[in-house]
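**Q** Pasting work-v5.pdb below, which is PDB, C-alpha atoms and all ligand atoms.
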ATOM      1  CA  MET A   1      60.951 -31.724  98.431  1.00  0.00           C
ATOM      2  CA  ASP A   2      58.778 -33.311  95.728  1.00  0.00           C
ATOM      3  CA  THR A   3      55.284 -34.095  96.810  1.00  0.00           C
ATOM      4  CA  PHE A   4      54.353 -37.642  97.708  1.00  0.00           C
ATOM      5  CA  THR A   5      51.758 -39.152  99.982  1.00  0.00           C
ATOM      6  CA  ILE A   6      53.273 -39.774 103.377  1.00  0.00           C
ATOM      7  CA  PRO A   7      51.971 -43.064 104.805  1.00  0.00           C
ATOM      8  CA  ASN A   8      50.140 -42.669 108.114  1.00  0.00           C
ATOM      9  CA  ASN A   9      52.410 -45.221 109.775  1.00  0.00           C
ATOM     10  CA  ILE A  10      56.035 -45.765 108.826  1.00  0.00           C
ATOM     11  CA  TYR A  11      57.620 -48.534 110.907  1.00  0.00           C
ATOM     12  CA  LEU A  12      61.348 -49.162 111.167  1.00  0.00           C
ATOM     13  CA  LEU A  13      62.220 -52.807 111.806  1.00  0.00           C
ATOM     14  CA  GLY A  14      65.450 -54.665 112.455  1.00  0.00           C
ATOM     15  CA  MET A  15      67.850 -55.991 115.034  1.00  0.00           C
ATOM     16  CA  PRO A  16      68.879 -53.957 118.089  1.00  0.00           C
ATOM     17  CA  GLY A  17      71.578 -51.518 116.987  1.00  0.00           C
ATOM     18  CA  SER A  18      70.461 -51.456 113.351  1.00  0.00           C
ATOM     19  CA  GLY A  19      69.716 -47.709 113.520  1.00  0.00           C
ATOM     20  CA  LYS A  20      65.930 -47.762 113.851  1.00  0.00           C
ATOM     21  CA  SER A  21      65.715 -44.890 116.342  1.00  0.00           C
ATOM     22  CA  THR A  22      68.437 -42.710 114.794  1.00  0.00           C
ATOM     23  CA  LEU A  23      67.165 -43.081 111.231  1.00  0.00           C
ATOM     24  CA  GLY A  24      63.547 -42.921 112.348  1.00  0.00           C
ATOM     25  CA  ARG A  25      64.076 -39.629 114.133  1.00  0.00           C
ATOM     26  CA  ALA A  26      65.912 -38.144 111.123  1.00  0.00           C
ATOM     27  CA  LEU A  27      63.203 -39.363 108.750  1.00  0.00           C
ATOM     28  CA  SER A  28      60.411 -37.907 110.864  1.00  0.00           C
ATOM     29  CA  GLU A  29      62.187 -34.528 110.969  1.00  0.00           C
ATOM     30  CA  GLU A  30      62.669 -34.554 107.205  1.00  0.00           C
ATOM     31  CA  LEU A  31      59.001 -35.386 106.627  1.00  0.00           C
ATOM     32  CA  GLY A  32      57.769 -33.034 109.341  1.00  0.00           C
ATOM     33  CA  ILE A  33      55.850 -35.766 111.149  1.00  0.00           C
ATOM     34  CA  THR A  34      55.917 -37.230 114.670  1.00  0.00           C
ATOM     35  CA  PHE A  35      58.517 -39.745 115.808  1.00  0.00           C
ATOM     36  CA  TYR A  36      57.807 -42.469 118.358  1.00  0.00           C
ATOM     37  CA  ASP A  37      60.234 -44.920 119.884  1.00  0.00           C
ATOM     38  CA  LEU A  38      58.105 -47.952 120.777  1.00  0.00           C
ATOM     39  CA  ASP A  39      60.379 -48.978 123.680  1.00  0.00           C
ATOM     40  CA  GLN A  40      60.113 -45.514 125.227  1.00  0.00           C
ATOM     41  CA  TYR A  41      56.349 -45.491 124.781  1.00  0.00           C
ATOM     42  CA  ILE A  42      56.152 -48.923 126.458  1.00  0.00           C
ATOM     43  CA  GLU A  43      58.164 -47.621 129.421  1.00  0.00           C
ATOM     44  CA  THR A  44      55.864 -44.615 129.796  1.00  0.00           C
ATOM     45  CA  GLN A  45      52.726 -46.738 129.562  1.00  0.00           C
ATOM     46  CA  ALA A  46      54.008 -49.425 131.934  1.00  0.00           C
ATOM     47  CA  GLY A  47      55.476 -46.879 134.352  1.00  0.00           C
ATOM     48  CA  LYS A  48      58.743 -48.843 134.538  1.00  0.00           C
ATOM     49  CA  ASP A  49      61.761 -49.452 132.334  1.00  0.00           C
ATOM     50  CA  ILE A  50      62.212 -52.389 129.939  1.00  0.00           C
ATOM     51  CA  THR A  51      64.637 -54.177 132.260  1.00  0.00           C
ATOM     52  CA  ARG A  52      62.091 -54.086 135.084  1.00  0.00           C
ATOM     53  CA  ILE A  53      59.266 -55.217 132.802  1.00  0.00           C
ATOM     54  CA  PHE A  54      61.330 -58.288 131.792  1.00  0.00           C
ATOM     55  CA  ALA A  55      62.278 -58.954 135.431  1.00  0.00           C
ATOM     56  CA  GLU A  56      58.760 -58.610 136.840  1.00  0.00           C
ATOM     57  CA  ASP A  57      56.516 -59.729 133.973  1.00  0.00           C
ATOM     58  CA  GLY A  58      58.852 -61.977 131.967  1.00  0.00           C
ATOM     59  CA  GLU A  59      59.294 -61.829 128.205  1.00  0.00           C
ATOM     60  CA  ASP A  60      55.672 -62.931 127.661  1.00  0.00           C
ATOM     61  CA  GLY A  61      54.444 -59.976 129.712  1.00  0.00           C
ATOM     62  CA  PHE A  62      56.710 -57.630 127.785  1.00  0.00           C
ATOM     63  CA  ARG A  63      55.507 -58.951 124.403  1.00  0.00           C
ATOM     64  CA  SER A  64      51.922 -58.457 125.414  1.00  0.00           C
ATOM     65  CA  ILE A  65      52.485 -54.809 126.480  1.00  0.00           C
ATOM     66  CA  GLU A  66      54.537 -54.306 123.303  1.00  0.00           C
ATOM     67  CA  ASN A  67      51.643 -55.540 121.158  1.00  0.00           C
ATOM     68  CA  GLN A  68      49.139 -53.255 122.906  1.00  0.00           C
ATOM     69  CA  CYS A  69      51.443 -50.234 122.628  1.00  0.00           C
ATOM     70  CA  LEU A  70      52.128 -50.903 118.937  1.00  0.00           C
ATOM     71  CA  MET A  71      48.395 -50.815 118.271  1.00  0.00           C
ATOM     72  CA  GLN A  72      47.779 -47.744 120.448  1.00  0.00           C
ATOM     73  CA  LEU A  73      50.456 -45.747 118.649  1.00  0.00           C
ATOM     74  CA  SER A  74      49.388 -46.931 115.203  1.00  0.00           C
ATOM     75  CA  GLU A  75      45.800 -45.867 115.852  1.00  0.00           C
ATOM     76  CA  GLN A  76      46.773 -42.241 116.460  1.00  0.00           C
ATOM     77  CA  PRO A  77      45.352 -40.381 113.462  1.00  0.00           C
ATOM     78  CA  HIS A  78      48.401 -38.301 112.467  1.00  0.00           C
ATOM     79  CA  PRO A  79      51.265 -39.463 110.199  1.00  0.00           C
ATOM     80  CA  LYS A  80      54.244 -40.772 112.168  1.00  0.00           C
ATOM     81  CA  VAL A  81      57.436 -42.787 112.152  1.00  0.00           C
ATOM     82  CA  ILE A  82      57.616 -45.599 114.719  1.00  0.00           C
ATOM     83  CA  ALA A  83      60.936 -47.232 115.633  1.00  0.00           C
ATOM     84  CA  THR A  84      59.942 -50.725 116.810  1.00  0.00           C
ATOM     85  CA  GLY A  85      61.942 -53.019 119.118  1.00  0.00           C
ATOM     86  CA  GLY A  86      64.134 -55.741 117.621  1.00  0.00           C
ATOM     87  CA  GLY A  87      61.663 -58.486 118.507  1.00  0.00           C
ATOM     88  CA  THR A  88      58.433 -56.606 117.780  1.00  0.00           C
ATOM     89  CA  PRO A  89      57.619 -58.097 114.337  1.00  0.00           C
ATOM     90  CA  CYS A  90      58.004 -61.671 115.610  1.00  0.00           C
ATOM     91  CA  PHE A  91      55.273 -61.815 118.267  1.00  0.00           C
ATOM     92  CA  HIS A  92      51.466 -61.520 118.386  1.00  0.00           C
ATOM     93  CA  LYS A  93      51.255 -61.335 114.559  1.00  0.00           C
ATOM     94  CA  ASN A  94      52.726 -57.821 114.779  1.00  0.00           C
ATOM     95  CA  ILE A  95      54.307 -57.995 111.335  1.00  0.00           C
ATOM     96  CA  GLU A  96      50.925 -58.691 109.751  1.00  0.00           C
ATOM     97  CA  TYR A  97      49.507 -55.749 111.740  1.00  0.00           C
ATOM     98  CA  ILE A  98      52.374 -53.522 110.570  1.00  0.00           C
ATOM     99  CA  ASP A  99      51.942 -54.500 106.918  1.00  0.00           C
ATOM    100  CA  TYR A 100      48.219 -53.851 107.117  1.00  0.00           C
ATOM    101  CA  HIS A 101      48.438 -50.503 108.900  1.00  0.00           C
ATOM    102  CA  GLY A 102      51.365 -48.868 107.153  1.00  0.00           C
ATOM    103  CA  VAL A 103      54.775 -49.305 105.567  1.00  0.00           C
ATOM    104  CA  GLY A 104      57.375 -51.506 107.271  1.00  0.00           C
ATOM    105  CA  ILE A 105      61.033 -50.822 106.506  1.00  0.00           C
ATOM    106  CA  PHE A 106      63.543 -53.559 107.374  1.00  0.00           C
ATOM    107  CA  LEU A 107      67.044 -52.263 108.143  1.00  0.00           C
ATOM    108  CA  ASN A 108      69.252 -55.237 107.336  1.00  0.00           C
ATOM    109  CA  VAL A 109      72.632 -54.302 108.828  1.00  0.00           C
ATOM    110  CA  PRO A 110      75.454 -56.896 109.016  1.00  0.00           C
ATOM    111  CA  LEU A 111      75.654 -58.428 112.489  1.00  0.00           C
ATOM    112  CA  GLU A 112      79.391 -57.729 112.740  1.00  0.00           C
ATOM    113  CA  ILE A 113      78.625 -53.993 112.464  1.00  0.00           C
ATOM    114  CA  ILE A 114      75.800 -54.309 114.986  1.00  0.00           C
ATOM    115  CA  VAL A 115      78.088 -56.001 117.526  1.00  0.00           C
ATOM    116  CA  GLU A 116      80.598 -53.147 117.210  1.00  0.00           C
ATOM    117  CA  ARG A 117      77.837 -50.569 117.752  1.00  0.00           C
ATOM    118  CA  LEU A 118      76.397 -52.429 120.744  1.00  0.00           C
ATOM    119  CA  ILE A 119      79.815 -52.794 122.356  1.00  0.00           C
ATOM    120  CA  GLN A 120      80.311 -49.041 121.960  1.00  0.00           C
ATOM    121  CA  GLN A 121      76.816 -48.143 123.203  1.00  0.00           C
ATOM    122  CA  GLY A 122      76.720 -50.810 125.897  1.00  0.00           C
ATOM    123  CA  THR A 123      73.881 -53.320 126.196  1.00  0.00           C
ATOM    124  CA  GLY A 124      72.379 -51.813 129.376  1.00  0.00           C
ATOM    125  CA  GLY A 125      68.616 -51.501 129.002  1.00  0.00           C
ATOM    126  CA  ARG A 126      68.525 -54.454 126.591  1.00  0.00           C
ATOM    127  CA  PRO A 127      67.850 -57.385 128.920  1.00  0.00           C
ATOM    128  CA  LEU A 128      68.128 -60.040 126.189  1.00  0.00           C
ATOM    129  CA  LEU A 129      71.682 -58.961 125.349  1.00  0.00           C
ATOM    130  CA  GLN A 130      73.088 -57.960 128.728  1.00  0.00           C
ATOM    131  CA  ASP A 131      76.186 -59.334 130.458  1.00  0.00           C
ATOM    132  CA  LYS A 132      77.703 -61.057 127.436  1.00  0.00           C
ATOM    133  CA  SER A 133      81.248 -61.141 126.078  1.00  0.00           C
ATOM    134  CA  PRO A 134      81.621 -59.849 122.481  1.00  0.00           C
ATOM    135  CA  LYS A 135      81.706 -63.473 121.262  1.00  0.00           C
ATOM    136  CA  GLU A 136      78.570 -64.416 123.212  1.00  0.00           C
ATOM    137  CA  LEU A 137      76.878 -61.251 121.984  1.00  0.00           C
ATOM    138  CA  LEU A 138      77.566 -62.125 118.358  1.00  0.00           C
ATOM    139  CA  GLY A 139      76.304 -65.677 119.000  1.00  0.00           C
ATOM    140  CA  GLN A 140      73.094 -64.383 120.572  1.00  0.00           C
ATOM    141  CA  LEU A 141      72.534 -61.938 117.712  1.00  0.00           C
ATOM    142  CA  HIS A 142      73.060 -64.718 115.150  1.00  0.00           C
ATOM    143  CA  GLU A 143      70.547 -66.912 116.949  1.00  0.00           C
ATOM    144  CA  HIS A 144      67.945 -64.133 117.141  1.00  0.00           C
ATOM    145  CA  PHE A 145      68.535 -63.132 113.530  1.00  0.00           C
ATOM    146  CA  LEU A 146      67.983 -66.704 112.339  1.00  0.00           C
ATOM    147  CA  GLN A 147      64.638 -66.778 114.166  1.00  0.00           C
ATOM    148  CA  ARG A 148      63.624 -63.271 113.142  1.00  0.00           C
ATOM    149  CA  LYS A 149      64.716 -62.891 109.534  1.00  0.00           C
ATOM    150  CA  ALA A 150      61.578 -64.492 108.097  1.00  0.00           C
ATOM    151  CA  TYR A 151      59.447 -61.931 109.953  1.00  0.00           C
ATOM    152  CA  TYR A 152      61.614 -58.957 109.012  1.00  0.00           C
ATOM    153  CA  LEU A 153      61.455 -60.013 105.367  1.00  0.00           C
ATOM    154  CA  LYS A 154      57.674 -59.605 105.400  1.00  0.00           C
ATOM    155  CA  ALA A 155      58.174 -55.818 105.587  1.00  0.00           C
ATOM    156  CA  LEU A 156      57.343 -53.957 102.389  1.00  0.00           C
ATOM    157  CA  ILE A 157      60.728 -52.221 102.057  1.00  0.00           C
ATOM    158  CA  HIS A 158      64.124 -53.873 102.610  1.00  0.00           C
ATOM    159  CA  MET A 159      67.258 -51.774 103.080  1.00  0.00           C
ATOM    160  CA  GLU A 160      70.613 -53.544 103.255  1.00  0.00           C
ATOM    161  CA  GLY A 161      74.142 -52.498 104.210  1.00  0.00           C
ATOM    162  CA  SER A 162      76.334 -51.014 106.881  1.00  0.00           C
ATOM    163  CA  SER A 163      75.618 -47.370 106.090  1.00  0.00           C
ATOM    164  CA  ILE A 164      71.916 -47.023 105.270  1.00  0.00           C
ATOM    165  CA  SER A 165      71.058 -43.316 105.184  1.00  0.00           C
ATOM    166  CA  MET A 166      67.852 -41.415 105.748  1.00  0.00           C
ATOM    167  CA  ASN A 167      67.983 -40.359 102.084  1.00  0.00           C
ATOM    168  CA  ASP A 168      68.184 -44.008 100.941  1.00  0.00           C
ATOM    169  CA  ILE A 169      64.974 -44.657 102.858  1.00  0.00           C
ATOM    170  CA  LEU A 170      63.308 -41.563 101.445  1.00  0.00           C
ATOM    171  CA  VAL A 171      64.049 -42.706  97.879  1.00  0.00           C
ATOM    172  CA  GLU A 172      62.391 -46.063  98.570  1.00  0.00           C
ATOM    173  CA  LEU A 173      59.353 -44.446 100.180  1.00  0.00           C
ATOM    174  CA  LYS A 174      58.852 -42.095  97.258  1.00  0.00           C
ATOM    175  CA  ALA A 175      59.079 -44.970  94.814  1.00  0.00           C
ATOM    176  CA  LEU A 176      56.117 -46.805  96.377  1.00  0.00           C
TER     177      LEU A 176
HETATM  178  C1  LIG B 201      64.405 -56.443 122.097  1.00  0.00           C
HETATM  179  C2  LIG B 201      64.941 -55.260 121.624  1.00  0.00           C
HETATM  180  C3  LIG B 201      64.810 -54.000 122.335  1.00  0.00           C
HETATM  181  C4  LIG B 201      63.615 -54.015 123.301  1.00  0.00           C
HETATM  182  C5  LIG B 201      63.642 -55.221 124.161  1.00  0.00           C
HETATM  183  C6  LIG B 201      63.624 -56.527 123.358  1.00  0.00           C
HETATM  184  C7  LIG B 201      64.584 -57.665 121.302  1.00  0.00           C
HETATM  185  O1  LIG B 201      64.657 -52.923 121.402  1.00  0.00           O
HETATM  186  O2  LIG B 201      62.405 -53.954 122.600  1.00  0.00           O
HETATM  187  O3  LIG B 201      64.796 -55.161 124.962  1.00  0.00           O
HETATM  188  O4  LIG B 201      63.794 -58.613 121.479  1.00  0.00           O
HETATM  189  O5  LIG B 201      65.511 -57.705 120.453  1.00  0.00           O
HETATM  190  P1  LIG B 201      65.872 -52.391 120.450  1.00  0.00           P
HETATM  191  O6  LIG B 201      65.811 -53.156 119.175  1.00  0.00           O
HETATM  192  O7  LIG B 201      65.551 -50.956 120.273  1.00  0.00           O
HETATM  193  O8  LIG B 201      67.131 -52.617 121.212  1.00  0.00           O
END
Turn the structure described in the file into structure tokens.
**A**
Amino acid sequence: MDTFTIPNNIYLLGMPGSGKSTLGRALSEELGITFYDLDQYIETQAGKDITRIFAEDGEDGFRSIENQCLMQLSEQPHPKVIATGGGTPCFHKNIEYIDYHGVGIFLNVPLEIIVERLIQQGTGGRPLLQDKSPKELLGQLHEHFLQRKAYYLKALIHMEGSSISMNDILVELKAL
């Protein structure tokens, strides 16, 4: 691998089902750095799963824990890849924090592809998308995407398409 300076924080951003965790894990292995899934870290810190956090603390409570966990992870001194949650960039000025503390990578995957993936995976554990028909799911994703796109677009790197690969991301990172 050619040498390049690995940013201390690489953040993957995008809608649920856009591949943040899968690509993030692969990227971290390729670069030999740590991988964190923000949702998993939140669950460990809160001592309960995301569904329970939403049920007991509401979305506001979740967003506040999410913001604290994003900062805690980012402050760890070693280089790392962080897969954020779909809503992370849109609350508590998190996108500005991300842009200041590292490199944000927006995975812009067509919503039709995302719906297929989510139907296959199931929406359990994603309280904002649970218990919906495929049509309702697509509608909800469209609504969220409309609200979120402006935040996602503030990321430094934008990747677009239905088959973004770890290598595509690596090329963009090396070109910075
Ligand atoms: C959310 C997405 C989830 C999780 C939470 C809220 C959202 O993460 O953070 O359920 O607001 O879209 P994924 O993008 O990993 O599903």
**Q** Ligand LIG 201 (chain B): which residues are within 6 Å, counting all atoms listed in the file? Reply as a ChimeraX atom specification.
**A** /A:15-16,39,85-87,126-127
**Q** Could you list, as a count of residues only, every residue within 12 Å of segment 91-99 of chain A, counting all atoms listed in the file and ignoring same-chain residues fewer than 3 positions away?
**A** 49
**Q** Name the residues that the PyMOL selection byres (((chain A and resi 123) around 12) and not hetatm) pulls out of this structure, and write them as a VMD selection string.
**A** chain A and resid 16 to 17 51 114 to 122 124 to 134 137
**Q** For the atom pair atom CA of Ile113 of chain A and atom CA of Gly161 of chain A, what is the interatomic distance in Å to one decimal place?
**A**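 Value for the atom CA of Ile113 of chain A-atom CA of Gly161 of chain A distance: 9.5 Å.
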**Q** Atom CA of Tyr36 of chain A and atom CA of Asp49 of chain A are how many Å apart?
**A**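 If I compute the distance from atom CA of Tyr36 of chain A to atom CA of Asp49 of chain A, I get 16.1 Å.
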**Q** Of the candidates A:Leu146, A:Lys80, A:Asp57, A:Phe4, which shows the shortest atom-to-atom distance to Asp37 of chain A, using only C-alpha atoms?
**A** A:Lys80
**Q** Identify, on the basis of all atoms listed in the file, every residue whose closest approach to Ala26 of chain A does not exceed 9 Å; exclude the query and any residue fewer than 5 positions from it along the same chain; express the result as JSON, numbers by chain.
**A** {"A": [21, 31, 35, 166]}
**Q** In Å to one decimal, how far is atom CA of Gly32 of chain A from atom CA of His158 of chain A?
**A**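 Distance between the two atoms: 22.8 Å.
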**Q** Here is a test: counting only C-alpha atoms, which residue of A:Thr34, A:Gln76, A:Thr22, A:Gln140 is nearest to Ser165 of chain A?
**A** A:Thr22
**Q** Could you check which of A:Thr3, A:Ser18, A:Gln45, A:Gln40 is closest to Met159 of chain A, using only C-alpha atoms?
**A**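 For Met159 of chain A, the nearest of the candidates is A:Ser18.
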